[in-house]
>>> print(open('entry.pdb').read())   # PDB, C-alpha atoms
MODEL        1
ATOM      1  CA  MET A   1      43.549 154.706  78.466
ATOM      2  CA  ASN A   2      47.004 153.107  78.248
ATOM      3  CA  CYS A   3      47.456 149.449  79.090
ATOM      4  CA  PRO A   4      48.877 149.057  82.647
ATOM      5  CA  HIS A   5      50.660 145.860  81.607
ATOM      6  CA  CYS A   6      52.518 146.756  78.403
ATOM      7  CA  ARG A   7      51.977 150.557  78.453
ATOM      8  CA  SER A   8      50.529 150.449  74.952
ATOM      9  CA  SER A   9      48.082 153.143  73.897
ATOM     10  CA  SER A  10      46.369 150.786  71.456
ATOM     11  CA  THR A  11      43.386 149.908  73.624
ATOM     12  CA  THR A  12      39.659 149.623  73.047
ATOM     13  CA  GLU A  13      36.827 150.095  75.524
ATOM     14  CA  ARG A  14      34.577 147.084  76.081
ATOM     15  CA  GLU A  15      30.853 147.080  76.598
ATOM     16  CA  GLY A  16      29.471 147.203  80.112
ATOM     17  CA  ARG A  17      31.174 148.108  83.354
ATOM     18  CA  THR A  18      32.468 146.381  86.449
ATOM     19  CA  VAL A  19      30.316 145.762  89.523
ATOM     20  CA  HIS A  20      31.493 149.075  91.004
ATOM     21  CA  GLY A  21      30.886 151.028  87.786
ATOM     22  CA  PHE A  22      34.405 151.188  86.314
ATOM     23  CA  ARG A  23      34.965 151.116  82.545
ATOM     24  CA  ARG A  24      36.535 148.011  81.041
ATOM     25  CA  PHE A  25      39.228 147.912  78.348
ATOM     26  CA  ARG A  26      41.173 145.470  76.204
ATOM     27  CA  CYS A  27      44.713 145.912  74.920
ATOM     28  CA  ARG A  28      45.196 145.122  71.233
ATOM     29  CA  LYS A  29      48.920 144.575  71.668
ATOM     30  CA  CYS A  30      49.103 142.107  74.563
ATOM     31  CA  GLY A  31      45.462 141.044  74.497
ATOM     32  CA  ARG A  32      44.952 141.490  78.233
ATOM     33  CA  ARG A  33      41.798 142.924  79.762
ATOM     34  CA  PHE A  34      41.738 145.560  82.480
ATOM     35  CA  ASN A  35      39.613 148.288  84.028
ATOM     36  CA  GLU A  36      40.173 151.779  85.412
ATOM     37  CA  ARG A  37      41.451 150.440  88.727
ATOM     38  CA  THR A  38      43.970 147.980  87.283
ATOM     39  CA  GLY A  39      47.525 148.960  88.157
ATOM     40  CA  THR A  40      46.507 151.379  90.930
ATOM     41  CA  VAL A  41      46.688 150.992  94.698
ATOM     42  CA  LEU A  42      42.933 150.339  94.712
ATOM     43  CA  ASN A  43      43.224 147.308  92.436
ATOM     44  CA  ARG A  44      41.211 144.309  93.691
ATOM     45  CA  VAL A  45      39.655 146.340  96.517
ATOM     46  CA  GLN A  46      36.060 145.151  96.789
ATOM     47  CA  VAL A  47      34.754 148.520  98.021
ATOM     48  CA  PRO A  48      33.612 151.488  95.906
ATOM     49  CA  THR A  49      35.996 154.425  95.807
ATOM     50  CA  ASP A  50      33.423 156.856  97.187
ATOM     51  CA  ILE A  51      33.247 154.849 100.430
ATOM     52  CA  MET A  52      35.788 156.954 102.251
ATOM     53  CA  PHE A  53      36.299 154.794 105.297
ATOM     54  CA  LEU A  54      39.891 155.996 105.450
ATOM     55  CA  PHE A  55      38.746 159.609 105.659
ATOM     56  CA  TRP A  56      36.243 158.789 108.425
ATOM     57  CA  ARG A  57      38.902 156.911 110.358
ATOM     58  CA  LEU A  58      41.254 159.898 110.227
ATOM     59  CA  ARG A  59      38.645 162.541 110.904
ATOM     60  CA  TYR A  60      36.234 161.187 113.499
ATOM     61  CA  LYS A  61      36.591 159.398 116.824
ATOM     62  CA  LEU A  62      35.822 155.978 115.438
ATOM     63  CA  SER A  63      37.506 152.659 116.092
ATOM     64  CA  LEU A  64      38.231 150.035 113.456
ATOM     65  CA  ARG A  65      35.298 147.946 114.673
ATOM     66  CA  ASP A  66      32.987 150.980 114.612
ATOM     67  CA  LEU A  67      33.657 151.455 110.906
ATOM     68  CA  ALA A  68      33.073 147.790 110.137
ATOM     69  CA  GLU A  69      29.683 147.923 111.889
ATOM     70  CA  MET A  70      28.663 151.196 110.228
ATOM     71  CA  PHE A  71      29.282 149.859 106.736
ATOM     72  CA  LEU A  72      27.645 146.539 107.564
ATOM     73  CA  ILE A  73      24.367 148.476 107.851
ATOM     74  CA  ARG A  74      24.993 149.775 104.312
ATOM     75  CA  GLY A  75      25.464 146.229 103.029
ATOM     76  CA  LEU A  76      29.269 146.304 102.821
ATOM     77  CA  VAL A  77      30.817 143.386 104.686
ATOM     78  CA  PHE A  78      34.443 143.532 105.794
ATOM     79  CA  THR A  79      36.308 143.088 109.071
ATOM     80  CA  HIS A  80      38.109 145.672 111.180
ATOM     81  CA  GLU A  81      41.385 144.085 110.071
ATOM     82  CA  ALA A  82      40.508 144.969 106.485
ATOM     83  CA  VAL A  83      40.155 148.615 107.541
ATOM     84  CA  ARG A  84      43.539 148.435 109.260
ATOM     85  CA  ASP A  85      45.241 146.926 106.207
ATOM     86  CA  ARG A  86      43.773 149.505 103.834
ATOM     87  CA  GLU A  87      44.727 152.325 106.169
ATOM     88  CA  ALA A  88      48.319 151.074 106.276
ATOM     89  CA  LYS A  89      48.344 150.908 102.482
ATOM     90  CA  LEU A  90      46.624 154.182 101.601
ATOM     91  CA  ALA A  91      47.325 156.580 104.479
ATOM     92  CA  PRO A  92      50.981 157.269 103.524
ATOM     93  CA  LEU A  93      50.011 158.011  99.899
ATOM     94  CA  PHE A  94      47.084 160.076 101.067
ATOM     95  CA  ALA A  95      49.188 162.154 103.468
ATOM     96  CA  GLU A  96      51.920 162.648 100.891
ATOM     97  CA  GLY A  97      49.411 163.969  98.377
ATOM     98  CA  LEU A  98      48.180 166.540 100.887
ATOM     99  CA  ARG A  99      51.730 167.516 101.836
ATOM    100  CA  LYS A 100      52.551 168.305  98.218
ATOM    101  CA  ARG A 101      49.515 170.602  98.012
ATOM    102  CA  ARG A 102      50.876 172.712 100.887
ATOM    103  CA  ALA A 103      54.135 173.632  99.182
ATOM    104  CA  GLY A 104      54.646 177.400  99.254
ATOM    105  CA  LYS A 105      51.397 178.113 101.134
ATOM    106  CA  ALA A 106      52.737 178.420 104.690
ATOM    107  CA  GLY A 107      53.493 181.658 106.492
ATOM    108  CA  ARG A 108      56.923 182.832 107.611
ATOM    109  CA  CYS A 109      56.152 182.986 111.347
ATOM    110  CA  TRP A 110      56.306 179.479 112.788
ATOM    111  CA  HIS A 111      55.242 178.100 116.171
ATOM    112  CA  VAL A 112      57.072 174.895 117.109
ATOM    113  CA  ASP A 113      56.293 172.665 120.070
ATOM    114  CA  GLU A 114      56.046 169.039 121.145
ATOM    115  CA  THR A 115      53.385 166.903 122.746
ATOM    116  CA  CYS A 116      53.576 163.355 124.046
ATOM    117  CA  VAL A 117      51.790 160.254 122.755
ATOM    118  CA  LYS A 118      52.122 156.750 124.152
ATOM    119  CA  VAL A 119      53.348 154.057 121.759
ATOM    120  CA  ALA A 120      53.524 150.466 123.014
ATOM    121  CA  GLY A 121      53.532 151.734 126.589
ATOM    122  CA  VAL A 122      56.386 154.209 125.999
ATOM    123  CA  TRP A 123      55.959 157.980 125.753
ATOM    124  CA  CYS A 124      57.164 159.406 122.425
ATOM    125  CA  CYS A 125      57.595 163.000 121.300
ATOM    126  CA  LEU A 126      55.270 164.331 118.595
ATOM    127  CA  CYS A 127      56.784 167.499 117.121
ATOM    128  CA  ARG A 128      54.275 169.836 115.499
ATOM    129  CA  ALA A 129      54.505 173.260 113.886
ATOM    130  CA  ILE A 130      51.933 175.747 112.606
ATOM    131  CA  ASP A 131      52.187 179.280 111.270
ATOM    132  CA  ARG A 132      50.665 182.429 112.732
ATOM    133  CA  ASP A 133      47.256 181.741 111.097
ATOM    134  CA  GLY A 134      47.092 178.137 112.310
ATOM    135  CA  THR A 135      48.057 176.485 109.003
ATOM    136  CA  LEU A 136      49.930 173.231 109.473
ATOM    137  CA  ILE A 137      53.667 173.315 108.799
ATOM    138  CA  ASP A 138      54.677 169.728 109.542
ATOM    139  CA  VAL A 139      54.335 166.790 111.944
ATOM    140  CA  TYR A 140      57.160 164.528 113.064
ATOM    141  CA  LEU A 141      57.055 161.650 115.556
ATOM    142  CA  SER A 142      60.290 160.853 117.373
ATOM    143  CA  GLU A 143      61.189 158.340 120.054
ATOM    144  CA  THR A 144      63.438 160.923 121.723
ATOM    145  CA  ARG A 145      63.429 164.639 122.377
ATOM    146  CA  ASP A 146      66.969 165.677 121.501
ATOM    147  CA  MET A 147      69.083 167.586 118.993
ATOM    148  CA  ALA A 148      68.781 164.940 116.268
ATOM    149  CA  ALA A 149      64.980 164.967 116.477
ATOM    150  CA  ALA A 150      64.838 168.780 116.392
ATOM    151  CA  LYS A 151      67.071 168.948 113.319
ATOM    152  CA  ALA A 152      65.153 166.210 111.506
ATOM    153  CA  PHE A 153      61.851 167.952 112.209
ATOM    154  CA  LEU A 154      62.980 171.387 111.026
ATOM    155  CA  ARG A 155      64.614 169.882 107.948
ATOM    156  CA  SER A 156      61.394 168.057 107.099
ATOM    157  CA  ALA A 157      59.286 171.184 107.689
ATOM    158  CA  LYS A 158      61.450 173.264 105.384
ATOM    159  CA  SER A 159      61.384 170.664 102.590
ATOM    160  CA  VAL A 160      57.593 170.230 102.787
ATOM    161  CA  THR A 161      56.603 173.902 102.871
ATOM    162  CA  GLN A 162      59.492 175.137 100.687
ATOM    163  CA  VAL A 163      59.378 178.278 102.829
ATOM    164  CA  GLU A 164      62.201 179.828 104.821
ATOM    165  CA  PRO A 165      60.721 181.275 108.031
ATOM    166  CA  GLU A 166      61.603 184.698 109.358
ATOM    167  CA  GLN A 167      60.559 183.962 112.939
ATOM    168  CA  VAL A 168      60.310 180.749 114.971
ATOM    169  CA  THR A 169      58.725 180.561 118.421
ATOM    170  CA  THR A 170      59.560 177.652 120.743
ATOM    171  CA  ASP A 171      59.156 176.851 124.430
ATOM    172  CA  GLY A 172      62.843 177.345 125.178
ATOM    173  CA  HIS A 173      64.061 173.756 124.816
ATOM    174  CA  THR A 174      67.851 173.704 124.683
ATOM    175  CA  SER A 175      68.007 171.807 121.365
ATOM    176  CA  TYR A 176      66.217 174.420 119.291
ATOM    177  CA  PRO A 177      68.692 177.350 119.142
ATOM    178  CA  ARG A 178      71.400 175.269 117.508
ATOM    179  CA  ALA A 179      68.951 173.254 115.376
ATOM    180  CA  ILE A 180      67.313 176.427 114.038
ATOM    181  CA  ALA A 181      70.675 178.041 113.287
ATOM    182  CA  GLU A 182      71.966 174.987 111.385
ATOM    183  CA  GLU A 183      68.794 173.992 109.525
ATOM    184  CA  LEU A 184      66.994 177.316 108.956
ATOM    185  CA  GLY A 185      69.840 179.824 109.117
ATOM    186  CA  THR A 186      71.259 182.278 111.602
ATOM    187  CA  ASP A 187      69.061 185.145 110.358
ATOM    188  CA  VAL A 188      65.892 183.555 111.751
ATOM    189  CA  ASP A 189      64.446 185.390 114.748
ATOM    190  CA  HIS A 190      64.140 182.754 117.490
ATOM    191  CA  ARG A 191      61.681 183.607 120.271
ATOM    192  CA  THR A 192      61.589 181.483 123.426
ATOM    193  CA  SER A 193      58.382 182.045 125.338
ATOM    194  CA  GLN A 194      55.819 179.476 126.365
ATOM    195  CA  TYR A 195      53.102 182.133 126.508
ATOM    196  CA  LYS A 196      53.646 183.226 122.899
ATOM    197  CA  ASN A 197      53.239 179.589 121.907
ATOM    198  CA  ASN A 198      49.735 179.243 123.362
ATOM    199  CA  VAL A 199      48.245 179.103 119.862
ATOM    200  CA  LEU A 200      50.084 175.839 119.260
ATOM    201  CA  GLU A 201      49.390 174.507 122.757
ATOM    202  CA  GLN A 202      45.685 174.876 122.007
ATOM    203  CA  ASP A 203      46.128 173.280 118.589
ATOM    204  CA  HIS A 204      47.505 170.131 120.264
ATOM    205  CA  ARG A 205      43.942 169.409 121.406
ATOM    206  CA  GLY A 206      43.115 168.077 117.937
ATOM    207  CA  ILE A 207      45.464 165.088 118.040
ATOM    208  CA  LYS A 208      44.947 164.645 121.801
ATOM    209  CA  GLY A 209      41.179 164.407 121.405
ATOM    210  CA  ARG A 210      41.568 161.815 118.639
ATOM    211  CA  TYR A 211      44.391 159.898 120.293
ATOM    212  CA  ARG A 212      42.918 159.315 123.762
ATOM    213  CA  PRO A 213      39.897 157.191 122.666
ATOM    214  CA  MET A 214      42.336 154.889 120.847
ATOM    215  CA  ARG A 215      44.108 154.092 124.148
ATOM    216  CA  GLY A 216      47.516 154.536 122.606
ATOM    217  CA  PHE A 217      49.289 152.926 119.684
ATOM    218  CA  LYS A 218      50.781 149.451 119.484
ATOM    219  CA  ALA A 219      53.637 150.172 117.068
ATOM    220  CA  PHE A 220      55.759 153.202 116.225
ATOM    221  CA  GLY A 221      55.164 152.886 112.484
ATOM    222  CA  SER A 222      51.382 152.916 112.793
ATOM    223  CA  ALA A 223      51.542 155.845 115.238
ATOM    224  CA  ASP A 224      53.697 157.893 112.869
ATOM    225  CA  ARG A 225      51.439 157.078 109.916
ATOM    226  CA  PHE A 226      48.228 157.956 111.726
ATOM    227  CA  CYS A 227      49.440 161.177 113.393
ATOM    228  CA  ARG A 228      50.739 162.566 110.125
ATOM    229  CA  ALA A 229      47.653 161.644 108.093
ATOM    230  CA  PHE A 230      45.297 162.902 110.807
ATOM    231  CA  ASP A 231      46.909 166.342 110.938
ATOM    232  CA  GLU A 232      46.994 166.622 107.145
ATOM    233  CA  VAL A 233      43.248 165.904 106.856
ATOM    234  CA  ARG A 234      42.426 168.206 109.760
ATOM    235  CA  ASN A 235      44.454 171.016 108.203
ATOM    236  CA  LEU A 236      42.744 170.597 104.829
ATOM    237  CA  LEU A 237      39.226 170.736 106.256
ATOM    238  CA  ARG A 238      39.734 173.666 108.625
ATOM    239  CA  PRO A 239      38.476 177.001 107.223
ATOM    240  CA  ALA A 240      41.465 179.213 106.445
ATOM    241  CA  SER A 241      41.291 182.431 108.454
ATOM    242  CA  TYR A 242      43.474 185.185 109.835
ATOM    243  CA  ILE A 243      43.895 186.250 113.449
ATOM    244  CA  ASN A 244      40.639 187.660 114.903
ATOM    245  CA  GLN A 245      38.803 186.948 111.635
ATOM    246  CA  THR A 246      35.202 185.754 112.079
ATOM    247  CA  ILE A 247      33.778 183.175 109.665
ATOM    248  CA  SER A 248      30.019 182.589 109.668
ATOM    249  CA  LEU A 249      28.581 179.118 110.103
ATOM    250  CA  ALA A 250      27.104 179.204 106.585
ATOM    251  CA  ARG A 251      30.523 180.023 105.126
ATOM    252  CA  ARG A 252      32.123 177.253 107.172
ATOM    253  CA  ARG A 253      29.645 174.762 105.708
ATOM    254  CA  VAL A 254      30.441 175.869 102.166
ATOM    255  CA  ILE A 255      34.163 175.583 102.808
ATOM    256  CA  HIS A 256      33.739 172.131 104.339
ATOM    257  CA  VAL A 257      31.768 170.837 101.331
ATOM    258  CA  GLN A 258      34.385 172.220  98.941
ATOM    259  CA  ARG A 259      37.249 170.664 100.902
ATOM    260  CA  VAL A 260      35.499 167.281 101.094
ATOM    261  CA  ALA A 261      35.056 167.372  97.304
ATOM    262  CA  ALA A 262      38.784 168.045  96.945
ATOM    263  CA  LEU A 263      39.445 165.162  99.336
ATOM    264  CA  ARG A 264      37.378 162.811  97.161
ATOM    265  CA  ASP A 265      39.320 163.849  94.081
ATOM    266  CA  LEU A 266      42.568 163.172  95.881
ATOM    267  CA  ILE A 267      41.408 159.718  96.985
ATOM    268  CA  SER A 268      40.370 158.912  93.414
ATOM    269  CA  ALA A 269      43.755 160.084  92.122
ATOM    270  CA  VAL A 270      45.580 157.883  94.637
TER     271      VAL A 270
ENDMDL
END
>>> encode(input="entry.pdb", output="structure tokens")
Amino acid sequence: MNCPHCRSSSTTEREGRTVHGFRRFRCRKCGRRFNERTGTVLNRVQVPTDIMFLFWRLRYKLSLRDLAEMFLIRGLVFTHEAVRDREAKLAPLFAEGLRKRRAGKAGRCWHVDETCVKVAGVWCCLCRAIDRDGTLIDVYLSETRDMAAAKAFLRSAKSVTQVEPEQVTTDGHTSYPRAIAEELGTDVDHRTSQYKNNVLEQDHRGIKGRYRPMRGFKAFGSADRFCRAFDEVRNLLRPASYINQTISLARRRVIHVQRVAALRDLISAV
């Protein structure tokens, strides 16, 4: 392992491990000691890596105080503010890692729509898009619902998926025809029907069900961070299927265990 301080490869492993089981090293060049966490975003975090409180926060309907109480039973003492600070630090890296894994895996038929979330007492527009099979395209939180927000969302969706859609279905908002033509091209088939977008209207229930128990957000930055990370985790753990395809409960369990293992690897890599 290279030294995180001087980047030298002349290091030796020391006997024993840290309290959380990480290997210890010493650099022959600069003489400094370090472990496997030194130089990473998890440095000096007094919680084992396999305690995925961030994943539980993004996946389940739990408050910050709920998580603190749950881990107190397991002998891990920290406050709800510690959970908030670690979420603010790790959630953007976590979401970005999942976004990179989705490059080139989205379909070419997109469903685009918006839903509203309350941030500091003000309703904001949460733009979301999925493909025909329900796979997440992108999420974008905007304070306004206008042309600039539509363009920014479509530009972000195209850069994340690295896919040029052939068909885009919206609810007929006046900003989308021009935004689609300028950001995705004039050859894209733009359908405007609220009934053909029911698949996305139903998919909004995921963020709505998680957002309501929180009683809104206090700041725009935290709302944007949470909504994006929540949808990325939800998309990873959902069993991939096609329209009208039936997946047995046993198969769903296998898929869930495999996806959680991939999630642990991603957290360790972060």
>>> atom_distance(input="entry.pdb", atom1="CA of Leu67 in chain A", atom2="CA of Arg86 in chain A")
12.5 Å
>>> resolve_selection(input="entry.pdb", expression="the PyMOL selection byres ((chain A and resi 3) around 10)", output="PDB file with C-alpha atoms, keeping the file's coordinate frame")
ATOM      1  CA  MET A   1      43.549 154.706  78.466  1.00  0.00           C
ATOM      2  CA  ASN A   2      47.004 153.107  78.248  1.00  0.00           C
ATOM      3  CA  PRO A   4      48.877 149.057  82.647  1.00  0.00           C
ATOM      4  CA  HIS A   5      50.660 145.860  81.607  1.00  0.00           C
ATOM      5  CA  CYS A   6      52.518 146.756  78.403  1.00  0.00           C
ATOM      6  CA  ARG A   7      51.977 150.557  78.453  1.00  0.00           C
ATOM      7  CA  SER A   8      50.529 150.449  74.952  1.00  0.00           C
ATOM      8  CA  SER A   9      48.082 153.143  73.897  1.00  0.00           C
ATOM      9  CA  SER A  10      46.369 150.786  71.456  1.00  0.00           C
ATOM     10  CA  THR A  11      43.386 149.908  73.624  1.00  0.00           C
ATOM     11  CA  THR A  12      39.659 149.623  73.047  1.00  0.00           C
ATOM     12  CA  PHE A  25      39.228 147.912  78.348  1.00  0.00           C
ATOM     13  CA  ARG A  26      41.173 145.470  76.204  1.00  0.00           C
ATOM     14  CA  CYS A  27      44.713 145.912  74.920  1.00  0.00           C
ATOM     15  CA  ARG A  28      45.196 145.122  71.233  1.00  0.00           C
ATOM     16  CA  LYS A  29      48.920 144.575  71.668  1.00  0.00           C
ATOM     17  CA  CYS A  30      49.103 142.107  74.563  1.00  0.00           C
ATOM     18  CA  GLY A  31      45.462 141.044  74.497  1.00  0.00           C
ATOM     19  CA  ARG A  32      44.952 141.490  78.233  1.00  0.00           C
ATOM     20  CA  ARG A  33      41.798 142.924  79.762  1.00  0.00           C
ATOM     21  CA  PHE A  34      41.738 145.560  82.480  1.00  0.00           C
ATOM     22  CA  ASN A  35      39.613 148.288  84.028  1.00  0.00           C
ATOM     23  CA  GLU A  36      40.173 151.779  85.412  1.00  0.00           C
ATOM     24  CA  THR A  38      43.970 147.980  87.283  1.00  0.00           C
ATOM     25  CA  GLY A  39      47.525 148.960  88.157  1.00  0.00           C
TER      26      GLY A  39
END
>>> closest_residue(input="entry.pdb", among="A:Cys116, A:Val160, A:Leu263, A:Val41", to="Glu143 in chain A", atoms="all atoms listed in the file")
A:Cys116
>>> closest_residue(input="entry.pdb", among="A:Gln245, A:Thr192, A:Thr18, A:Thr144", to="Thr174 in chain A", atoms="only C-alpha atoms")
A:Thr192
>>> closest_atom_pairs(input="entry.pdb", of="range 37-137 of chain A", to="range 203-211 of chain A", cutoff="12 Å", atoms="only C-alpha atoms", output="tab-separated table")
residue	atom	partner	partner_atom	distance
A:Trp56	CA	A:Arg210	CA	11.9
A:Arg57	CA	A:Arg210	CA	10.0
A:Leu58	CA	A:Arg210	CA	8.6
A:Arg59	CA	A:Arg210	CA	8.3
A:Tyr60	CA	A:Arg210	CA	7.4
A:Lys61	CA	A:Arg210	CA	5.8
A:Leu62	CA	A:Arg210	CA	8.8
A:Ser63	CA	A:Arg210	CA	10.3
A:His111	CA	A:Asp203	CA	10.6
A:Val112	CA	A:His204	CA	11.1
A:Asp113	CA	A:His204	CA	9.1
A:Glu114	CA	A:His204	CA	8.7
A:Thr115	CA	A:His204	CA	7.2
A:Cys116	CA	A:Lys208	CA	9.0
A:Val117	CA	A:Tyr211	CA	7.8
A:Lys118	CA	A:Tyr211	CA	9.2
A:Val119	CA	A:Tyr211	CA	10.8
A:Leu126	CA	A:His204	CA	9.8
A:Cys127	CA	A:His204	CA	10.1
A:Arg128	CA	A:His204	CA	8.3
A:Ala129	CA	A:Asp203	CA	9.6
A:Ile130	CA	A:Asp203	CA	8.7
A:Asp131	CA	A:Asp203	CA	11.2
A:Arg132	CA	A:Asp203	CA	11.8
A:Asp133	CA	A:Asp203	CA	11.4
A:Gly134	CA	A:Asp203	CA	8.0
A:Thr135	CA	A:Asp203	CA	10.3
A:Leu136	CA	A:Asp203	CA	9.9
>>> closest_residue(input="entry.pdb", among="A:Val139, A:Ile247, A:Met147, A:Val254", to="Ala95 in chain A", atoms="all atoms listed in the file")
A:Val139
>>> atom_distance(input="entry.pdb", atom1="CA of Phe217 in chain A", atom2="CA of Leu154 in chain A")
24.6 Å
>>> closest_residue(input="entry.pdb", among="A:Glu201, A:Asp146, A:Glu87, A:Asp189", to="Ala223 in chain A", atoms="all atoms listed in the file")
A:Glu87
>>> resolve_selection(input="entry.pdb", expression="the PyMOL selection byres ((chain A and resi 164) around 9)", output="CSV table (one decimal) with C-alpha atoms, keeping the file's coordinate frame")
chain,number,residue,atom,x,y,z
A,108,ARG,CA,56.9,182.8,107.6
A,158,LYS,CA,61.4,173.3,105.4
A,161,THR,CA,56.6,173.9,102.9
A,162,GLN,CA,59.5,175.1,100.7
A,163,VAL,CA,59.4,178.3,102.8
A,165,PRO,CA,60.7,181.3,108.0
A,166,GLU,CA,61.6,184.7,109.4
A,184,LEU,CA,67.0,177.3,109.0
A,185,GLY,CA,69.8,179.8,109.1
A,188,VAL,CA,65.9,183.6,111.8
